[in-house]
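Chemist: Have a peek at coords24.txt (compact mmCIF, C-alpha atoms).
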```txt
# COMPACT_ATOMS: atom_id res chain seq x y z
CA MET A 298 0.00 0.00 0.00
CA THR A 299 1.33 3.41 -0.93
CA ASN A 300 1.48 6.29 1.48
CA PRO A 301 -1.34 8.73 0.58
CA LEU A 302 0.58 11.61 2.19
CA ALA A 303 3.53 11.14 -0.16
CA GLN A 304 1.65 13.09 -2.85
CA LEU A 305 1.42 16.26 -0.74
CA GLU A 306 3.49 19.09 -2.14
CA PRO A 307 5.53 21.27 0.26
CA PHE A 308 4.64 24.93 0.63
CA PRO A 309 6.78 27.07 -1.70
CA GLU A 310 9.91 28.39 -0.02
CA PRO A 311 10.31 32.18 -0.12
CA PRO A 312 13.10 33.45 -2.39
CA ALA A 313 16.58 33.25 -0.86
CA LEU A 314 16.96 37.03 -1.04
CA ILE A 315 13.78 37.46 1.02
CA LEU A 316 14.88 34.84 3.56
CA GLU A 317 18.20 36.67 3.97
CA TYR A 318 16.36 39.96 4.40
CA ILE A 319 14.08 38.46 7.06
CA ALA A 320 17.07 36.98 8.91
CA GLU A 321 18.92 40.33 8.83
CA ARG A 322 15.79 42.19 9.96
CA SER A 323 15.17 39.86 12.90
CA ALA A 324 18.77 39.56 14.13
CA ASP A 325 19.28 40.85 17.68
CA GLU A 326 21.79 43.46 16.61
CA SER A 327 20.23 44.20 13.24
CA VAL A 328 21.04 47.39 11.42
CA VAL A 329 18.31 46.65 8.86
CA ASP A 330 15.29 48.79 9.56
CA GLY A 331 13.34 48.14 6.39
CA PRO A 332 9.70 47.37 5.79
CA ALA A 333 8.10 44.03 6.53
CA PRO A 334 8.53 41.68 3.56
CA TRP A 335 4.75 41.46 3.06
CA ASP A 336 4.48 45.24 2.61
CA LEU A 337 5.04 44.88 -1.10
CA ARG A 338 5.00 48.52 -2.25
CA ALA A 339 7.40 49.52 0.52
CA LEU A 340 10.08 47.01 -0.51
CA PRO A 341 13.08 48.16 -2.53
CA ALA A 342 13.23 47.00 -6.16
CA GLU A 343 15.77 44.24 -5.55
CA LEU A 344 13.49 42.62 -2.95
CA ILE A 345 10.27 43.06 -4.89
CA ALA A 346 11.74 41.50 -8.05
CA PRO A 347 11.48 37.83 -6.92
CA MET A 348 8.12 38.26 -5.18
CA PRO A 349 5.68 37.90 -8.14
CA ALA A 350 7.03 34.47 -9.11
CA TRP A 351 7.00 33.26 -5.50
CA LEU A 352 3.51 34.62 -4.81
CA ASP A 353 2.29 32.98 -8.00
CA SER A 354 3.67 29.65 -6.79
CA VAL A 355 1.96 30.25 -3.43
CA CYS A 356 -1.36 30.85 -5.24
CA ARG A 357 -0.91 27.68 -7.28
CA TRP A 358 -0.11 25.72 -4.11
CA LEU A 359 -3.12 27.13 -2.26
CA ASN A 360 -5.40 26.35 -5.20
CA TRP A 361 -4.05 22.82 -5.60
CA THR A 362 -4.16 22.10 -1.88
CA TYR A 363 -7.38 23.81 -0.74
CA ALA A 364 -9.54 24.94 -3.66
CA TRP A 365 -12.26 22.32 -3.89
CA GLN A 366 -15.00 24.82 -4.80
CA PRO A 367 -14.93 27.49 -7.53
CA GLN A 368 -15.17 30.34 -5.01
CA ASP A 369 -12.01 29.05 -3.30
CA VAL A 370 -9.84 29.43 -6.41
CA ILE A 371 -7.45 32.36 -6.43
CA PRO A 372 -7.69 33.60 -10.03
CA PRO A 373 -4.60 33.45 -12.25
CA CYS A 374 -4.85 37.23 -12.68
CA TRP A 375 -4.44 37.83 -8.94
CA ALA A 376 -1.66 40.38 -9.57
CA LYS A 377 -4.07 42.56 -11.59
CA HIS A 378 -6.31 42.89 -8.53
CA GLU A 379 -4.30 45.41 -6.52
CA GLY A 380 -5.25 44.33 -3.01
CA LEU A 381 -4.85 40.59 -3.57
CA GLY A 382 -1.06 40.80 -3.82
CA TYR A 383 -0.86 42.32 -0.35
CA GLU A 384 -3.30 39.77 1.04
CA ILE A 385 -1.50 36.81 -0.52
CA ALA A 386 1.89 38.02 0.68
CA ALA A 387 0.65 38.46 4.24
CA LEU A 388 -1.06 35.06 4.16
CA ALA A 389 2.07 33.36 2.81
CA PHE A 390 4.38 34.87 5.45
CA ALA A 391 1.83 34.17 8.19
CA ARG A 392 1.75 30.51 7.12
CA THR A 393 5.51 30.25 7.39
CA ASP A 394 5.35 31.56 10.96
CA ALA A 395 2.24 29.56 11.88
CA TYR A 396 3.68 26.17 11.03
CA ALA A 397 6.16 26.46 13.90
CA ASP A 398 3.30 25.65 16.32
CA ALA A 399 0.24 23.37 15.88
CA GLY A 400 -2.15 25.85 17.56
CA SER A 401 -0.97 28.64 15.29
CA THR A 402 -1.54 26.37 12.31
CA VAL A 403 -5.22 26.09 13.19
CA ILE A 404 -5.40 29.88 13.47
CA TRP A 405 -3.72 30.21 10.06
CA HIS A 406 -6.46 28.06 8.51
CA GLU A 407 -9.04 30.40 10.03
CA GLN A 408 -7.11 33.32 8.53
CA TYR A 409 -7.17 31.53 5.18
CA ASP A 410 -10.98 31.24 5.36
CA ARG A 411 -11.22 34.97 6.12
CA PHE A 412 -8.87 35.69 3.21
CA LEU A 413 -11.19 33.75 0.87
CA ALA A 414 -14.19 35.74 2.12
CA ARG A 415 -12.39 39.06 1.55
CA MET A 416 -11.12 37.92 -1.86
CA ASN A 417 -14.60 36.91 -2.99
CA LYS A 418 -16.09 40.16 -1.72
CA ALA A 419 -13.43 42.17 -3.57
CA LEU A 420 -13.76 40.20 -6.81
CA GLY A 421 -17.53 40.07 -6.78
CA LYS A 422 -19.11 38.68 -9.95
CA ALA A 423 -15.97 39.47 -11.94
CA GLY A 424 -14.23 36.70 -9.99
CA ASP A 425 -16.13 34.04 -11.93
CA GLU A 426 -14.72 35.34 -15.21
CA CYS A 427 -11.23 35.80 -13.78
CA ARG A 428 -11.13 32.23 -12.52
CA VAL A 429 -11.60 30.91 -16.05
CA GLY A 430 -8.96 33.21 -17.55
CA ARG A 431 -11.16 36.07 -18.76
CA HIS A 432 -9.89 38.99 -16.68
CA GLU A 433 -11.24 42.42 -17.35
CA ASP A 434 -10.04 45.61 -15.73
CA ARG A 435 -12.13 47.15 -12.99
CA PRO A 436 -15.59 47.88 -14.41
CA ALA A 437 -15.95 51.52 -15.46
CA ARG A 438 -18.59 52.28 -12.86
CA PHE A 439 -16.10 51.24 -10.17
CA GLN A 440 -13.11 53.16 -11.55
CA LEU A 441 -13.33 55.74 -8.78
CA ALA A 442 -13.44 58.48 -11.40
CA ALA A 443 -15.79 60.48 -9.19
CA TRP A 444 -12.92 61.30 -6.84
CA PRO A 445 -11.51 64.78 -7.46
CA ALA A 446 -8.01 65.03 -8.86
CA GLN A 447 -5.20 65.70 -6.44
CA ALA A 448 -3.46 69.04 -6.51
CA ASP A 449 0.34 69.28 -6.42
CA GLY A 450 1.80 68.03 -3.18
CA GLY A 451 -0.59 65.09 -2.95
CA ARG A 452 -3.41 67.00 -1.24
CA GLU A 453 -6.92 66.82 -2.54
CA GLU A 454 -8.35 69.96 -4.10
CA ALA A 455 -11.29 69.99 -1.72
CA GLU A 456 -11.15 69.15 1.95
CA PRO A 457 -13.13 66.02 2.90
CA ALA A 458 -15.81 68.09 4.69
CA GLU A 459 -16.25 70.29 1.61
CA ARG A 460 -16.44 67.24 -0.64
CA ALA A 461 -19.09 65.70 1.61
CA GLU A 462 -21.15 68.89 1.34
CA GLU A 463 -20.80 68.87 -2.45
CA MET A 464 -21.96 65.28 -2.63
CA ALA A 465 -24.97 66.00 -0.41
CA GLN A 466 -26.25 68.69 -2.78
```
Could you rewrite the structure in this file as structure tokens?

Modeler:
Amino acid sequence: MTNPLAQLEPFPEPPALILEYIAERSADESVVDGPAPWDLRALPAELIAPMPAWLDSVCRWLNWTYAWQPQDVIPPCWAKHEGLGYEIAALAFARTDAYADAGSTVIWHEQYDRFLARMNKALGKAGDECRVGRHEDRPARFQLAAWPAQADGGREEAEPAERAEEMAQ
């Protein structure tokens, strides 16, 4: 009789560069004071470069291991859905930490369920198309075009209270 657990694939290992960064960041006498590795847009270019391939392998592993229902499938266009990259990175790093302790592993699975709920809420009906390889950009009515343009310096043209009054009229 063959061992049914022999077919289980291991979780994808983070890129060596990221592992080195994490080790340097967590050393007792660390001089590295950079962002957390799951804060994707805050990472320098050399650290962000290997992340898409690793996160894609994490998505494939999660789909293969856990996605038994269509709504559990992370779509192949996950990187085109801005927030999913952050969510997947945080989930992947949390899993690495969680598997050091059985109780934390159970909590990670609860986090995974919450991730799926947030992902499905964010994708909405478009998620069905994305999951079968027919990604479309954010629908026009959800393009946030109603927001006023920002003036130089990154400040909005109207203060939030003024904008709320304008919208109420």

Chemist: Atom CA of A:Ala391 to atom CA of A:Glu426: how many Å, to one decimal?

Modeler: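 A separation of 28.7 Å between them.
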
Chemist: Between A:Ala423, A:Val370, A:Ala313, A:Leu337, which one has atoms that come closest to A:Pro349, using all atoms listed in the file?

Modeler: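 Answer, going by the shortest atom-to-atom distance: A:Leu337.
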
Chemist: Name the residues, using the chain letters and numbers of the file, that sit within 10 Å of (2.1, 21.8, -7.8) when counting only C-alpha atoms, and give them as a tab-separated table (two decimals) with C-alpha atoms, in the frame of the given file.

Modeler:
```tsv
chain	number	residue	atom	x	y	z
A	305	LEU	CA	1.42	16.26	-0.74
A	306	GLU	CA	3.49	19.09	-2.14
A	307	PRO	CA	5.53	21.27	0.26
A	308	PHE	CA	4.64	24.93	0.63
A	309	PRO	CA	6.78	27.07	-1.70
A	354	SER	CA	3.67	29.65	-6.79
A	355	VAL	CA	1.96	30.25	-3.43
A	357	ARG	CA	-0.91	27.68	-7.28
A	358	TRP	CA	-0.11	25.72	-4.11
A	359	LEU	CA	-3.12	27.13	-2.26
A	360	ASN	CA	-5.40	26.35	-5.20
A	361	TRP	CA	-4.05	22.82	-5.60
A	362	THR	CA	-4.16	22.10	-1.88
```

Chemist: Given 6 Å of margin on each side, can you work out the centre and size in Å (one decimal) of an axis-aligned box holding every listed atom of stretch 302-311 of chain A, as AutoDock Vina command-line options?

Modeler:
```
--center_x 5.4 --center_y 21.7 --center_z -0.3 --size_x 21.7 --size_y 33.0 --size_z 17.0
```

Chemist: Taking (-13.5, 26.9, -2.9) in the file's coordinates as the center, which residues reach within 12 Å of it, counting only C-alpha atoms, put as a VMD selection string?

Modeler: chain A and resid 359 to 372 409 to 410 412 to 414 416 to 417 425 428

Chemist: With all atoms listed in the file as the basis for distance, which of A:Pro301, A:Pro445, A:Pro312, A:Pro334 is at the shortest distance from A:Ala386?

Modeler: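 Going through A:Pro301, A:Pro445, A:Pro312, A:Pro334 one by one, the smallest distance to A:Ala386 is for A:Pro334.
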
Chemist: Could you state the separation of atom CA of A:Ala387 and atom CA of A:Leu352 in Å, given to one decimal place?

Modeler: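 Taking atom CA of A:Ala387 as the start and atom CA of A:Leu352 as the end point, the length is 10.2 Å.
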
Chemist: Quick one, how far is atom CA of A:Trp405 from atom CA of A:Gly331?

Modeler: 25.0 Å

Chemist: May I have the residues within 12 Å of A:Ile404 as a PyMOL selection string, using all atoms listed in the file and disregarding those fewer than 6 positions away in the same chain?

Modeler: chain A and resi 388+391-392+394-396+398+410-411

Chemist: When you look at A:Pro347 with a cut-off of 9 Å (counting all atoms listed in the file), what residues show up, excluding the ones that are within fewer than 2 positions of it in the same chain? I need them as a PDB file with C-alpha atoms, keeping the file's coordinate frame.

Modeler:
```pdb
ATOM      1  CA  PRO A 311      10.310  32.180  -0.120  1.00  0.00           C
ATOM      2  CA  PRO A 312      13.100  33.450  -2.390  1.00  0.00           C
ATOM      3  CA  LEU A 314      16.960  37.030  -1.040  1.00  0.00           C
ATOM      4  CA  ILE A 315      13.780  37.460   1.020  1.00  0.00           C
ATOM      5  CA  GLU A 343      15.770  44.240  -5.550  1.00  0.00           C
ATOM      6  CA  LEU A 344      13.490  42.620  -2.950  1.00  0.00           C
ATOM      7  CA  ILE A 345      10.270  43.060  -4.890  1.00  0.00           C
ATOM      8  CA  PRO A 349       5.680  37.900  -8.140  1.00  0.00           C
ATOM      9  CA  ALA A 350       7.030  34.470  -9.110  1.00  0.00           C
ATOM     10  CA  TRP A 351       7.000  33.260  -5.500  1.00  0.00           C
ATOM     11  CA  LEU A 352       3.510  34.620  -4.810  1.00  0.00           C
TER      12      LEU A 352
END
```

Chemist: Counting all atoms listed in the file, figure out which residue out of A:Leu420, A:Cys427, A:Glu321, A:Glu384 gets nearest to A:Gln408.

Modeler: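 Answer, going by the shortest atom-to-atom distance: A:Glu384.
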
Chemist: Using only C-alpha atoms, pick whichever of A:Asp353, A:Glu326, A:Asp336, A:Asp434 has the shortest atom-to-atom distance to A:Glu310.

Modeler: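 Using only C-alpha atoms, A:Glu310 sits closest to A:Asp353.
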